[in-house]
Each structure stands twice: as structure tokens, then as C-alpha cells.
file model-v1.cif (mmCIF, C-alpha atoms)
data_run
loop_
_atom_site.label_atom_id
_atom_site.label_comp_id
_atom_site.auth_asym_id
_atom_site.auth_seq_id
_atom_site.Cartn_x
_atom_site.Cartn_y
_atom_site.Cartn_z
CA MET A 19 0.00 0.00 0.00
CA GLU A 20 1.24 3.47 -0.86
CA THR A 21 1.22 5.79 2.14
CA LYS A 22 0.46 9.33 1.01
CA ARG A 23 1.67 12.52 2.68
CA PHE A 24 -1.47 14.64 3.00
CA THR A 25 -1.14 18.41 3.43
CA GLU A 26 -3.70 21.01 4.49
CA HIS A 27 -4.80 21.10 0.83
CA ASP A 28 -5.62 17.37 0.86
CA ILE A 29 -8.01 17.21 3.81
CA LYS A 30 -11.02 16.31 1.63
CA GLU A 31 -9.04 13.40 0.16
CA ALA A 32 -7.87 12.26 3.60
CA ALA A 33 -11.44 12.43 4.95
CA ALA A 34 -12.69 10.39 1.98
CA ALA A 35 -10.09 7.72 2.77
CA LEU A 36 -11.35 7.54 6.35
CA ARG A 37 -14.97 7.20 5.21
CA LEU A 38 -13.90 4.28 3.00
CA GLY A 39 -12.52 2.50 6.08
CA ASN A 40 -8.83 3.28 5.54
CA LEU A 41 -6.36 4.47 8.18
CA VAL A 42 -4.98 8.03 8.17
CA SER A 43 -2.55 9.37 10.76
CA PHE A 44 -3.24 12.87 12.04
CA PRO A 45 -1.30 15.46 14.05
CA THR A 46 -2.31 16.66 17.51
CA GLU A 47 -0.69 18.86 20.13
CA THR A 48 0.36 15.72 22.05
CA VAL A 49 1.49 13.04 19.55
CA TYR A 50 0.38 11.84 16.09
CA GLY A 51 -2.73 9.64 16.17
CA LEU A 52 -3.67 6.70 13.95
CA GLY A 53 -7.12 7.63 12.70
CA ALA A 54 -9.91 5.23 11.78
CA ASN A 55 -13.72 5.44 11.67
CA ALA A 56 -14.71 4.72 15.28
CA LEU A 57 -18.13 3.44 14.11
CA SER A 58 -16.64 0.76 11.84
CA GLU A 59 -15.51 -2.41 13.57
CA THR A 60 -13.60 -3.43 10.44
CA ALA A 61 -11.66 -0.16 10.36
CA VAL A 62 -10.87 -0.31 14.08
CA ARG A 63 -9.63 -3.88 13.78
CA GLN A 64 -7.16 -2.63 11.19
CA VAL A 65 -5.74 -0.28 13.83
CA TYR A 66 -4.98 -3.19 16.15
CA ALA A 67 -3.49 -5.21 13.30
CA VAL A 68 -1.28 -2.39 12.01
CA LYS A 69 -0.01 -1.42 15.46
CA GLY A 70 0.34 -4.98 16.71
CA ARG A 71 -1.65 -3.87 19.74
CA PRO A 72 -3.66 -6.17 22.07
CA SER A 73 -7.38 -5.79 21.49
CA ASP A 74 -8.07 -5.51 25.25
CA ASN A 75 -6.75 -1.94 25.12
CA PRO A 76 -9.54 0.64 24.80
CA LEU A 77 -9.08 3.39 22.23
CA ILE A 78 -9.62 7.13 22.57
CA VAL A 79 -12.37 8.53 20.34
CA HIS A 80 -11.53 11.94 18.85
CA VAL A 81 -14.35 14.38 18.16
CA SER A 82 -14.49 17.79 16.52
CA ASP A 83 -16.86 19.38 19.03
CA LYS A 84 -19.04 18.72 22.07
CA GLU A 85 -22.11 18.11 19.88
CA MET A 86 -20.41 15.12 18.25
CA LEU A 87 -19.59 13.69 21.67
CA GLU A 88 -23.19 14.07 22.89
CA LYS A 89 -24.45 11.73 20.14
CA TYR A 90 -22.76 8.81 21.89
CA VAL A 91 -23.43 9.55 25.57
CA ASP A 92 -26.78 9.21 27.36
CA THR A 93 -26.07 11.77 30.05
CA LEU A 94 -22.87 13.76 30.26
CA PRO A 95 -21.68 14.05 33.89
CA LYS A 96 -21.75 17.62 35.24
CA GLN A 97 -18.01 17.49 35.90
CA ALA A 98 -17.42 16.51 32.28
CA GLU A 99 -19.37 19.57 31.13
CA GLU A 100 -17.22 21.82 33.32
CA LEU A 101 -13.97 20.27 32.12
CA ILE A 102 -14.99 20.42 28.45
CA ASN A 103 -15.81 24.11 28.79
CA HIS A 104 -12.44 24.76 30.44
CA PHE A 105 -9.96 22.48 28.65
CA TRP A 106 -11.32 21.53 25.21
CA PRO A 107 -9.88 21.58 22.66
CA GLY A 108 -6.81 20.36 24.51
CA PRO A 109 -4.79 17.47 25.93
CA LEU A 110 -7.52 16.07 28.19
CA THR A 111 -9.32 12.77 27.60
CA LEU A 112 -12.52 12.06 29.53
CA ILE A 113 -13.85 8.56 30.20
CA VAL A 114 -17.65 8.61 30.46
CA PRO A 115 -20.49 6.03 30.23
CA MET A 116 -21.47 5.43 26.62
CA LYS A 117 -24.87 5.17 25.03
CA GLU A 118 -25.68 1.49 24.59
CA GLY A 119 -25.00 0.08 21.13
CA THR A 120 -22.89 2.96 19.83
CA PHE A 121 -19.33 1.62 19.82
CA SER A 122 -18.17 -1.96 19.46
CA SER A 123 -15.95 -3.76 21.96
CA THR A 124 -13.04 -3.18 19.57
CA VAL A 125 -13.22 0.49 20.64
CA THR A 126 -14.15 0.05 24.30
CA GLY A 127 -11.97 -2.96 25.12
CA GLY A 128 -15.16 -4.70 26.23
CA LEU A 129 -16.05 -1.97 28.75
CA ASN A 130 -19.29 0.05 28.90
CA THR A 131 -17.36 3.31 28.92
CA VAL A 132 -15.68 5.38 26.22
CA ALA A 133 -12.74 7.79 26.31
CA PHE A 134 -13.31 11.03 24.35
CA ARG A 135 -10.98 13.85 23.40
CA MET A 136 -11.13 16.99 21.26
CA PRO A 137 -7.55 17.63 20.09
CA ASP A 138 -6.15 21.15 19.88
CA ASN A 139 -5.06 21.02 16.26
CA ALA A 140 -6.89 22.97 13.55
CA LEU A 141 -5.98 20.55 10.73
CA THR A 142 -7.23 17.51 12.62
CA LEU A 143 -10.43 19.22 13.75
CA GLU A 144 -11.10 20.10 10.12
CA LEU A 145 -10.35 16.49 9.12
CA ILE A 146 -12.86 15.10 11.65
CA LYS A 147 -15.54 17.60 10.56
CA GLU A 148 -14.94 16.83 6.89
CA ALA A 149 -15.13 13.07 7.51
CA GLY A 150 -18.27 13.56 9.59
CA LEU A 151 -17.15 10.74 11.86
CA PRO A 152 -15.66 10.26 15.31
CA LEU A 153 -12.17 8.84 14.90
CA VAL A 154 -10.24 6.46 17.10
CA GLY A 155 -6.71 7.79 17.39
CA PRO A 156 -4.14 5.76 19.32
CA SER A 157 -0.53 6.81 18.80
CA ALA A 158 0.54 6.11 15.21
CA ASN A 159 3.45 3.81 16.02
CA THR A 160 4.24 0.16 16.50
CA SER A 161 2.66 -0.81 19.82
CA GLY A 162 4.93 -0.43 22.85
CA LYS A 163 7.51 1.73 21.08
CA PRO A 164 8.11 5.47 21.58
CA SER A 165 5.14 7.50 20.40
CA PRO A 166 5.44 9.56 17.18
CA THR A 167 5.73 13.33 17.46
CA THR A 168 6.42 14.01 13.75
CA ALA A 169 5.09 12.68 10.45
CA GLU A 170 8.53 11.15 9.84
CA HIS A 171 8.15 9.02 12.97
CA VAL A 172 4.82 7.75 11.65
CA LEU A 173 6.29 6.87 8.28
CA HIS A 174 9.24 5.11 9.96
CA ASP A 175 6.85 2.72 11.69
CA LEU A 176 3.83 2.51 9.39
CA LYS A 177 4.85 3.37 5.82
CA GLY A 178 3.17 0.97 3.43
CA LYS A 179 0.63 -0.07 6.08
CA ILE A 180 -1.73 2.94 6.13
CA ALA A 181 -3.37 5.16 3.51
CA GLY A 182 -1.62 8.35 4.58
CA VAL A 183 -0.41 10.80 7.18
CA LEU A 184 -1.66 14.38 7.49
CA GLU A 185 1.45 16.51 7.95
CA GLY A 186 1.26 19.00 10.79
CA GLY A 187 4.81 19.64 11.98
CA SER A 188 6.15 18.60 15.38
CA ALA A 189 3.81 18.00 18.31
CA GLU A 190 3.93 20.92 20.74
CA ILE A 191 3.62 18.94 23.98
CA GLY A 192 5.18 15.59 23.10
CA VAL A 193 3.44 13.31 25.62
CA GLU A 194 -0.06 11.89 25.35
CA SER A 195 -3.15 13.49 26.86
CA THR A 196 -4.22 13.29 30.47
CA VAL A 197 -6.86 10.55 30.85
CA LEU A 198 -9.49 11.23 33.53
CA ASP A 199 -12.05 8.62 34.58
CA LEU A 200 -15.43 10.15 35.44
CA THR A 201 -17.48 6.94 35.46
CA ASP A 202 -17.65 6.16 39.18
CA SER A 203 -20.01 8.64 40.83
CA SER A 204 -19.23 7.19 44.27
CA SER A 205 -15.55 8.18 44.20
CA GLU A 206 -13.33 11.07 43.16
CA PRO A 207 -12.43 11.51 39.48
CA THR A 208 -9.28 9.51 38.79
CA ILE A 209 -6.32 10.27 36.55
CA LEU A 210 -5.47 6.99 34.82
CA ARG A 211 -2.71 8.53 32.70
CA PRO A 212 -1.01 11.85 33.55
CA GLY A 213 -0.48 14.44 30.84
CA ALA A 214 -0.10 18.17 30.32
CA VAL A 215 -3.41 18.92 32.08
CA THR A 216 -2.20 18.39 35.64
CA LYS A 217 -3.98 17.25 38.79
CA GLU A 218 -3.67 20.78 40.14
CA ALA A 219 -5.25 22.30 37.02
CA LEU A 220 -8.15 19.83 37.14
CA GLU A 221 -8.78 20.45 40.84
CA LYS A 222 -9.16 24.18 40.23
CA VAL A 223 -12.19 23.33 38.09
CA ILE A 224 -13.86 20.30 39.74
CA GLY A 225 -12.31 19.86 43.19
CA ASN A 226 -10.53 16.75 44.46
CA VAL A 227 -8.93 14.43 41.91
CA ARG A 228 -6.84 11.37 42.64
CA ILE A 229 -4.10 9.70 40.62
CA ASP A 230 -4.16 5.96 39.97
CA GLN A 231 -0.64 4.73 40.69
CA HIS A 232 -1.36 1.10 39.79
CA LEU A 233 0.86 -0.19 36.98
CA LEU A 234 -0.78 -3.01 35.05
CA SER A 235 0.92 -6.30 34.33
CA GLU A 236 0.70 -7.75 30.82
CA LYS A 237 -2.21 -9.99 31.89
CA GLU A 238 -4.45 -7.23 33.24
CA THR A 239 -7.06 -5.38 31.18
CA PRO A 240 -6.50 -1.60 31.11
CA LYS A 241 -9.28 1.00 31.26
CA ALA A 242 -7.19 3.54 29.35
CA PRO A 243 -4.23 3.44 26.96
CA GLY A 244 -0.66 3.51 28.28
CA MET A 245 -1.33 1.83 31.64
CA LYS A 246 0.94 -1.15 31.12
CA TYR A 247 4.03 -1.55 33.34
CA LYS A 248 6.38 -1.41 30.34
CA HIS A 249 5.52 0.84 27.40
CA TYR A 250 7.00 3.48 25.07
CA SER A 251 10.23 1.47 24.90
CA PRO A 252 12.99 1.61 22.26
CA GLU A 253 14.96 -1.55 21.43
CA VAL A 254 17.96 -0.33 23.44
CA PRO A 255 17.58 -0.47 27.26
CA VAL A 256 16.87 2.85 28.97
CA TRP A 257 18.09 3.77 32.46
CA ILE A 258 17.02 6.81 34.46
CA VAL A 259 19.70 9.08 35.93
CA GLN A 260 19.19 11.68 38.65
CA ASN A 261 19.63 14.99 36.85
CA THR A 262 22.71 16.44 38.56
CA PRO A 263 26.25 16.78 37.15
CA GLU A 264 27.52 14.47 39.90
CA ASP A 265 25.04 11.70 39.10
CA TRP A 266 25.63 12.05 35.37
CA SER A 267 29.41 11.81 35.95
CA LYS A 268 28.99 8.61 37.97
CA ALA A 269 26.77 7.09 35.30
CA ILE A 270 29.10 7.97 32.42
CA LYS A 271 32.17 6.72 34.32
CA TRP A 272 30.42 3.44 35.12
CA ALA A 273 29.48 2.95 31.46
CA ALA A 274 33.06 3.72 30.36
CA ASP A 275 34.40 1.16 32.84
CA GLN A 276 32.03 -1.40 31.30
CA LYS A 277 33.20 -0.32 27.81
CA LEU A 278 29.55 0.38 26.88
CA LYS A 279 28.66 2.92 24.24
CA VAL A 280 25.88 5.03 25.75
CA GLY A 281 23.30 7.44 24.42
CA ILE A 282 22.69 10.51 26.57
CA PHE A 283 19.28 12.17 26.37
CA ALA A 284 19.90 15.39 28.28
CA GLY A 285 19.83 19.17 28.37
CA GLU A 286 22.60 21.08 26.62
CA GLU A 287 24.31 22.09 29.87
CA ILE A 288 24.70 18.42 30.81
CA LEU A 289 25.82 17.28 27.36
CA GLN A 290 28.58 19.89 27.31
CA LEU A 291 30.23 18.09 30.24
CA PHE A 292 30.79 14.84 28.35
CA ASP A 293 32.45 13.77 25.13
CA GLY A 294 34.21 10.74 23.70
CA PRO A 295 33.96 7.84 21.25
CA LEU A 296 31.65 5.87 23.60
CA ILE A 297 29.11 8.69 23.92
CA GLU A 298 26.24 9.64 21.59
CA GLY A 299 24.31 12.70 22.71
CA TYR A 300 20.80 14.00 22.03
CA SER A 301 20.18 17.50 23.32
CA PHE A 302 16.69 18.67 24.24
CA GLY A 303 18.00 22.20 24.72
CA MET A 304 17.30 23.98 27.99
CA ASN A 305 17.42 21.62 30.95
CA THR A 306 13.71 21.88 31.76
CA VAL A 307 10.97 19.31 32.09
CA GLU A 308 8.97 21.08 29.36
CA GLN A 309 11.79 20.58 26.85
CA ALA A 310 12.48 17.04 28.06
CA ALA A 311 8.82 16.03 27.73
CA LYS A 312 8.45 17.61 24.30
CA GLN A 313 11.43 15.70 22.91
CA LEU A 314 11.43 12.49 24.99
CA PHE A 315 10.02 10.24 22.27
CA SER A 316 12.05 11.91 19.51
CA GLY A 317 15.22 11.53 21.56
CA LEU A 318 14.62 7.88 22.39
CA ARG A 319 13.87 7.13 18.75
CA ALA A 320 16.96 8.97 17.48
CA LEU A 321 19.34 7.29 19.96
CA ASP A 322 17.75 3.91 19.29
CA GLU A 323 18.78 4.22 15.65
CA THR A 324 22.48 4.63 16.52
CA ASP A 325 24.87 1.92 17.72
CA VAL A 326 24.54 2.70 21.43
CA GLU A 327 24.09 -0.17 23.86
CA LEU A 328 22.35 1.76 26.63
CA ILE A 329 20.41 5.04 26.88
CA PHE A 330 20.59 7.32 29.91
CA ALA A 331 17.74 9.82 30.45
CA PRO A 332 17.23 12.34 33.27
CA ALA A 333 14.75 12.27 36.12
CA PHE A 334 12.71 15.37 36.92
CA PRO A 335 10.54 16.07 39.98
CA GLU A 336 7.13 14.40 39.66
CA THR A 337 5.08 17.57 39.91
CA GLY A 338 3.12 19.37 37.18
CA LEU A 339 4.23 18.19 33.75
CA GLY A 340 6.95 16.17 35.51
CA GLU A 341 4.26 13.68 36.52
CA ALA A 342 3.53 12.92 32.85
CA TYR A 343 7.19 12.96 31.80
CA MET A 344 8.27 10.56 34.53
CA ASN A 345 5.26 8.31 33.89
CA ARG A 346 6.42 7.82 30.27
CA LEU A 347 10.12 7.62 31.11
CA LYS A 348 9.71 5.05 33.88
CA LYS A 349 7.70 2.84 31.54
CA ALA A 350 10.25 3.28 28.73
CA ALA A 351 12.95 2.28 31.22
CA ASN A 352 10.88 -0.53 32.73
CA GLN A 353 11.40 1.30 36.08
CA LYS A 354 15.21 0.92 35.87
CA TYR A 355 17.35 3.59 37.58
CA PHE A 356 21.14 3.93 37.49
CA LYS A 357 22.43 3.27 40.99
CA ASN A 358 26.10 3.30 41.93
#
call {"tool": "encode", "arguments": {"input": "model-v1.cif", "output": "C-alpha cells"}}
result
Amino acid sequence: METKRFTEHDIKEAAAALRLGNLVSFPTETVYGLGANALSETAVRQVYAVKGRPSDNPLIVHVSDKEMLEKYVDTLPKQAEELINHFWPGPLTLIVPMKEGTFSSTVTGGLNTVAFRMPDNALTLELIKEAGLPLVGPSANTSGKPSPTTAEHVLHDLKGKIAGVLEGGSAEIGVESTVLDLTDSSSEPTILRPGAVTKEALEKVIGNVRIDQHLLSEKETPKAPGMKYKHYSPEVPVWIVQNTPEDWSKAIKWAADQKLKVGIFAGEEILQLFDGPLIEGYSFGMNTVEQAAKQLFSGLRALDETDVELIFAPAFPETGLGEAYMNRLKKAANQKYFKN
């Protein structure tokens, strides 16, 4: 199959491909999604096949506006209304009870709930409106690998397997949306996957919110994407390093003693401290969690394509966006920290 690069001038063609049941990747502010008609079981099954993803994983349904969402929900919880008014379009996914008979189990993972999001990307909102369909949109990559934040990443993983990718530049945020479960009226809303919309930001709108810290084993059924213990992983092992010059020095010295070639995903001020034939660096610029999160998946992908034997990546405090960054990094590293 030829995979076409769609531009803003090709949205009608891309929408037509989706209506025919084909797969089209689209840009969002978080990562690139793999779009398919959420109302077609055949199209959604293609998503699982192309990604190599277990069918017990629920998929996020992307809509162009609140009116599209309301077609598939009996009663929208009051808290959902408040959050939609405050954060949509944006990197917030809401899990709500679905109207019976609307989506197949291939979308819901066999649950009676659905995750909805309205992405903050003008091209993709136009694509959804033009298609006239809600679209599932898991990350457009091979399942378990670092998520794609550029069209090139999508083509690296899925060229020849999908109808096309709508080009929209680099993702602004770089980690997937916050997923909030609003389906249990007897308990507080629960963050199942942290993202750029933080616990603190949510609580300013709806009051108390809790974070689910449970990491799922491979045998457990998730309620939202990205909840597995190991996820987002390159082929090369990743270890987490405390982000101080002293800890970086210890890690680099240890690797040199082992005669290991290492990839360093770090801020420019850290990378400037190290050089040598056994070091491959990827700079995310200023040594901030915002820059690290934006380029985490790009950096892991780039270093994975070199001849390094191990990748070191920095820890950041688990507050604000750091919660989302460390969630992805710990899963990419399978919870492995450098300790010496």
C-alpha cells in the first residue's frame, strides 16, 4: 500500500479515505494519532493489526466538538461539562459512560465506557468535521515503542501499512493526553494517565482528583491506553539518571568502565560536560521538564537508531508536567534507575 503525505490542501481526500474505512494518521498537540472510523468495527480492527496492539486496550475517540460527543453519551456528567468548557480543545481525555449500542468492543476494550478527546489542532479538527465521523486515534506507532511526534516518525513505523499521514509539523507537547475517569459517581475523578493537564489544574475546576498509581501487568485489562508496566520502549535499554552533574558523571564513568557505548538524552548544559567515542548525545535544549517532555520520544527514537548499547535519560521532579514525563520515562525504562 502506498502511504500518502497529506497536506492542508488534501483534507477532503484524507477524509474520503477515512470514510472508506482506511487508516490516516493525524497530528495533535500531544502526539500523532492513527485515525480510523470509530463506528466501523472493520476499520478499528485494522488499527490493532497495524499497530500490533492487544485488542483488550480501549481506544480514545476523537471528536471535533461537544455536539459530536453528545451523540454517543446518554447523560454527560456535570463534571465533564465543566472540564470540556475549560480544557477543550486540549490534551484532556474524559472517560464517560457510553450510550448502549454505539461503539463496538473493539473500541471500548469490552467496557461500557468510552474515552473522548477533542484535540487542539486545527488541521485535525477540520479532518474530523470533513469526515463527519468520530475517529479512534491511538498513537501512530508500533505498539509499545516510543510514540510519534512528527510525520517522519509515523512513516518510519507505518509506511506501506496505512493510507496516509496528514502533515502538521512537530507535536507541541510531546506526551499523550491526560486521561481522567469520570465513570464512578461514588468516588473522586481519577487520573489513569497523567499528561499536560495536571492534577492541580483539574482540581481548580472540579475539586478533588486522585491519581491511579497502579501499573498493570501484561495480563491485566486496562481501562485507558498507556497503563501497562512497560511501554513506550525503544529496542535499546533505557536507564534513568538523577539529573545532577555528579550523578551524570557517575553514570558515564560506570558505562566507560564497562566499555559500553551510551546514548545521553539530556539538556545542553549536561551534554557539554561529556564527550568521547563511547558517547552519543541527544540535546533537548534547555534543561527543563517542558523541553524534556516535548522531545522524549524523539530523543529515544533517534538514539535507538544509533549503535549505542544503553540510553541514559534524566529524572525530573514528579510535579506538574513532571508527573507525565516521569510516567512515560519510567515505563520506557521498565522502572530501571542507574544506581552506583
call {"tool": "resolve_selection", "arguments": {"input": "model-v1.cif", "expression": "the PyMOL selection byres ((chain A and resi 53) around 8)", "output": "list in words"}}
result
Leu36, Leu41, Val42, Ser43, Phe44, Gly51, Leu52, Ala54, Asn55, Leu153, Val154, Gly155 and Pro156 of chain A
call {"tool": "residues_around", "arguments": {"input": "model-v1.cif", "residues": "Asn226 of chain A", "least_positions_apart": "4", "cutoff": "10 Å", "atoms": "only C-alpha atoms", "output": "MDAnalysis selection string"}}
result
chainID A and resid 205:208 217:218 220:222
call {"tool": "resolve_selection", "arguments": {"input": "model-v1.cif", "expression": "the PyMOL selection byres ((chain A and resi 171-183) around 7)", "output": "list in words"}}
result
Met19, Glu20, Thr21, Lys22, Arg23, Phe24, Asn40, Leu41, Val42, Ser43, Phe44, Val68, Ala158, Asn159, Thr160, Pro166, Thr167, Thr168, Ala169, Glu170, Leu184 and Glu185 of chain A
call {"tool": "atom_distance", "arguments": {"input": "model-v1.cif", "atom1": "atom CA of Val114 of chain A", "atom2": "atom CA of Arg211 of chain A"}}
result
15.1 Å
call {"tool": "closest_residue", "arguments": {"input": "model-v1.cif", "among": "A:Leu77, A:Ala35, A:Val62, A:Ile224", "to": "Phe105 of chain A", "atoms": "all atoms listed in the file"}}
result
A:Ile224
call {"tool": "atom_distance", "arguments": {"input": "model-v1.cif", "atom1": "atom CA of Lys163 of chain A", "atom2": "atom CA of Ser251 of chain A"}}
result
4.7 Å
call {"tool": "atom_distance", "arguments": {"input": "model-v1.cif", "atom1": "atom CA of Ser157 of chain A", "atom2": "atom CA of Pro76 of chain A"}}
result
12.5 Å
call {"tool": "resolve_selection", "arguments": {"input": "model-v1.cif", "expression": "the PyMOL selection byres ((chain A and resi 162) around 10)", "output": "number ranges by chain"}}
result
A: 69-71, 157, 159-161, 163-165, 244, 246, 248-252, 349-350
call {"tool": "closest_residue", "arguments": {"input": "model-v1.cif", "among": "A:Val259, A:Leu210, A:Val254, A:Val193", "to": "Glu323 of chain A", "atoms": "all atoms listed in the file"}}
result
A:Val254
call {"tool": "closest_residue", "arguments": {"input": "model-v1.cif", "among": "A:Ala284, A:Val223, A:Ala32, A:Leu129", "to": "Ser73 of chain A", "atoms": "all atoms listed in the file"}}
result
A:Leu129
call {"tool": "residues_around", "arguments": {"input": "model-v1.cif", "residues": "segment 295-312 of chain A", "least_positions_apart": "3", "cutoff": "10 Å", "atoms": "only C-alpha atoms", "output": "ChimeraX atom specification"}}
result
/A:48-49,167,188-193,213-214,261,270,273-274,277-290,292,315-318,320-321,324-327,329-344,346-347
call {"tool": "residues_near_point", "arguments": {"input": "model-v1.cif", "point": "(-19.2, 17.0, 12.2)", "cutoff": "10 Å", "atoms": "only C-alpha atoms", "output": "compact mmCIF listing (two decimals) with C-alpha atoms, in the coordinates of the input"}}
result
# COMPACT_ATOMS: atom_id res chain seq x y z
CA VAL A 81 -14.35 14.38 18.16
CA SER A 82 -14.49 17.79 16.52
CA ASP A 83 -16.86 19.38 19.03
CA GLU A 85 -22.11 18.11 19.88
CA MET A 86 -20.41 15.12 18.25
CA LEU A 143 -10.43 19.22 13.75
CA GLU A 144 -11.10 20.10 10.12
CA LEU A 145 -10.35 16.49 9.12
CA ILE A 146 -12.86 15.10 11.65
CA LYS A 147 -15.54 17.60 10.56
CA GLU A 148 -14.94 16.83 6.89
CA ALA A 149 -15.13 13.07 7.51
CA GLY A 150 -18.27 13.56 9.59
CA LEU A 151 -17.15 10.74 11.86
CA PRO A 152 -15.66 10.26 15.31
call {"tool": "closest_residue", "arguments": {"input": "model-v1.cif", "among": "A:Asn75, A:Val256, A:Leu94, A:Thr60", "to": "Gly128 of chain A", "atoms": "only C-alpha atoms"}}
result
A:Asn75
call {"tool": "closest_residue", "arguments": {"input": "model-v1.cif", "among": "A:Asp202, A:Asp92, A:Glu99, A:Asp138", "to": "Met116 of chain A", "atoms": "all atoms listed in the file"}}
result
A:Asp92
call {"tool": "closest_residue", "arguments": {"input": "model-v1.cif", "among": "A:Pro109, A:Ala219, A:Ser123, A:Ser267", "to": "Thr196 of chain A", "atoms": "all atoms listed in the file"}}
result
A:Pro109
call {"tool": "build_atoms", "arguments": {"input": "model-v1.cif", "residues": "segment 135-154 of chain A", "atoms": "N, CA, C and O atoms", "output": "PDB file, in the frame of the given file"}}
result
ATOM      1  N   ARG A 135     -11.869  12.702  23.379  1.00  0.00           N
ATOM      2  CA  ARG A 135     -10.980  13.850  23.400  1.00  0.00           C
ATOM      3  C   ARG A 135     -11.246  14.736  22.189  1.00  0.00           C
ATOM      4  O   ARG A 135     -11.613  14.237  21.120  1.00  0.00           O
ATOM      5  N   MET A 136     -11.072  16.035  22.367  1.00  0.00           N
ATOM      6  CA  MET A 136     -11.130  16.990  21.260  1.00  0.00           C
ATOM      7  C   MET A 136      -9.741  17.613  21.153  1.00  0.00           C
ATOM      8  O   MET A 136      -9.356  18.456  21.968  1.00  0.00           O
ATOM      9  N   PRO A 137      -8.943  17.172  20.175  1.00  0.00           N
ATOM     10  CA  PRO A 137      -7.550  17.630  20.090  1.00  0.00           C
ATOM     11  C   PRO A 137      -7.446  19.102  19.709  1.00  0.00           C
ATOM     12  O   PRO A 137      -8.303  19.645  19.012  1.00  0.00           O
ATOM     13  N   ASP A 138      -6.378  19.732  20.168  1.00  0.00           N
ATOM     14  CA  ASP A 138      -6.150  21.150  19.880  1.00  0.00           C
ATOM     15  C   ASP A 138      -5.248  21.277  18.656  1.00  0.00           C
ATOM     16  O   ASP A 138      -4.082  21.667  18.756  1.00  0.00           O
ATOM     17  N   ASN A 139      -5.804  20.925  17.512  1.00  0.00           N
ATOM     18  CA  ASN A 139      -5.060  21.020  16.260  1.00  0.00           C
ATOM     19  C   ASN A 139      -6.065  21.348  15.150  1.00  0.00           C
ATOM     20  O   ASN A 139      -6.984  20.560  14.878  1.00  0.00           O
ATOM     21  N   ALA A 140      -5.898  22.488  14.528  1.00  0.00           N
ATOM     22  CA  ALA A 140      -6.890  22.970  13.550  1.00  0.00           C
ATOM     23  C   ALA A 140      -7.030  22.021  12.367  1.00  0.00           C
ATOM     24  O   ALA A 140      -8.143  21.782  11.875  1.00  0.00           O
ATOM     25  N   LEU A 141      -5.910  21.454  11.882  1.00  0.00           N
ATOM     26  CA  LEU A 141      -5.980  20.550  10.730  1.00  0.00           C
ATOM     27  C   LEU A 141      -6.785  19.301  11.070  1.00  0.00           C
ATOM     28  O   LEU A 141      -7.628  18.848  10.276  1.00  0.00           O
ATOM     29  N   THR A 142      -6.538  18.740  12.242  1.00  0.00           N
ATOM     30  CA  THR A 142      -7.230  17.510  12.620  1.00  0.00           C
ATOM     31  C   THR A 142      -8.695  17.763  12.920  1.00  0.00           C
ATOM     32  O   THR A 142      -9.560  16.946  12.578  1.00  0.00           O
ATOM     33  N   LEU A 143      -9.021  18.892  13.529  1.00  0.00           N
ATOM     34  CA  LEU A 143     -10.430  19.220  13.750  1.00  0.00           C
ATOM     35  C   LEU A 143     -11.161  19.373  12.416  1.00  0.00           C
ATOM     36  O   LEU A 143     -12.306  18.920  12.261  1.00  0.00           O
ATOM     37  N   GLU A 144     -10.502  19.970  11.452  1.00  0.00           N
ATOM     38  CA  GLU A 144     -11.100  20.100  10.120  1.00  0.00           C
ATOM     39  C   GLU A 144     -11.264  18.722   9.476  1.00  0.00           C
ATOM     40  O   GLU A 144     -12.279  18.451   8.812  1.00  0.00           O
ATOM     41  N   LEU A 145     -10.280  17.844   9.672  1.00  0.00           N
ATOM     42  CA  LEU A 145     -10.350  16.490   9.120  1.00  0.00           C
ATOM     43  C   LEU A 145     -11.550  15.732   9.693  1.00  0.00           C
ATOM     44  O   LEU A 145     -12.300  15.083   8.952  1.00  0.00           O
ATOM     45  N   ILE A 146     -11.743  15.807  11.012  1.00  0.00           N
ATOM     46  CA  ILE A 146     -12.860  15.100  11.650  1.00  0.00           C
ATOM     47  C   ILE A 146     -14.195  15.655  11.151  1.00  0.00           C
ATOM     48  O   ILE A 146     -15.125  14.907  10.835  1.00  0.00           O
ATOM     49  N   LYS A 147     -14.300  16.981  11.056  1.00  0.00           N
ATOM     50  CA  LYS A 147     -15.540  17.600  10.560  1.00  0.00           C
ATOM     51  C   LYS A 147     -15.817  17.191   9.112  1.00  0.00           C
ATOM     52  O   LYS A 147     -16.946  16.878   8.745  1.00  0.00           O
ATOM     53  N   GLU A 148     -14.777  17.191   8.296  1.00  0.00           N
ATOM     54  CA  GLU A 148     -14.940  16.830   6.890  1.00  0.00           C
ATOM     55  C   GLU A 148     -15.351  15.371   6.736  1.00  0.00           C
ATOM     56  O   GLU A 148     -16.189  15.029   5.891  1.00  0.00           O
ATOM     57  N   ALA A 149     -14.770  14.493   7.560  1.00  0.00           N
ATOM     58  CA  ALA A 149     -15.130  13.070   7.510  1.00  0.00           C
ATOM     59  C   ALA A 149     -16.536  12.851   8.044  1.00  0.00           C
ATOM     60  O   ALA A 149     -17.231  11.913   7.628  1.00  0.00           O
ATOM     61  N   GLY A 150     -16.944  13.709   8.989  1.00  0.00           N
ATOM     62  CA  GLY A 150     -18.270  13.560   9.590  1.00  0.00           C
ATOM     63  C   GLY A 150     -18.367  12.356  10.495  1.00  0.00           C
ATOM     64  O   GLY A 150     -19.451  11.814  10.719  1.00  0.00           O
ATOM     65  N   LEU A 151     -17.224  11.949  11.051  1.00  0.00           N
ATOM     66  CA  LEU A 151     -17.150  10.740  11.860  1.00  0.00           C
ATOM     67  C   LEU A 151     -16.282  10.960  13.088  1.00  0.00           C
ATOM     68  O   LEU A 151     -15.282  11.681  13.019  1.00  0.00           O
ATOM     69  N   PRO A 152     -16.625  10.313  14.217  1.00  0.00           N
ATOM     70  CA  PRO A 152     -15.660  10.260  15.310  1.00  0.00           C
ATOM     71  C   PRO A 152     -14.528   9.320  14.909  1.00  0.00           C
ATOM     72  O   PRO A 152     -14.772   8.312  14.238  1.00  0.00           O
ATOM     73  N   LEU A 153     -13.320   9.644  15.302  1.00  0.00           N
ATOM     74  CA  LEU A 153     -12.170   8.840  14.900  1.00  0.00           C
ATOM     75  C   LEU A 153     -11.448   8.269  16.123  1.00  0.00           C
ATOM     76  O   LEU A 153     -11.160   9.014  17.064  1.00  0.00           O
ATOM     77  N   VAL A 154     -11.180   6.963  16.112  1.00  0.00           N
ATOM     78  CA  VAL A 154     -10.240   6.460  17.100  1.00  0.00           C
ATOM     79  C   VAL A 154      -8.869   7.020  16.722  1.00  0.00           C
ATOM     80  O   VAL A 154      -8.615   7.315  15.555  1.00  0.00           O
TER      81      VAL A 154
END
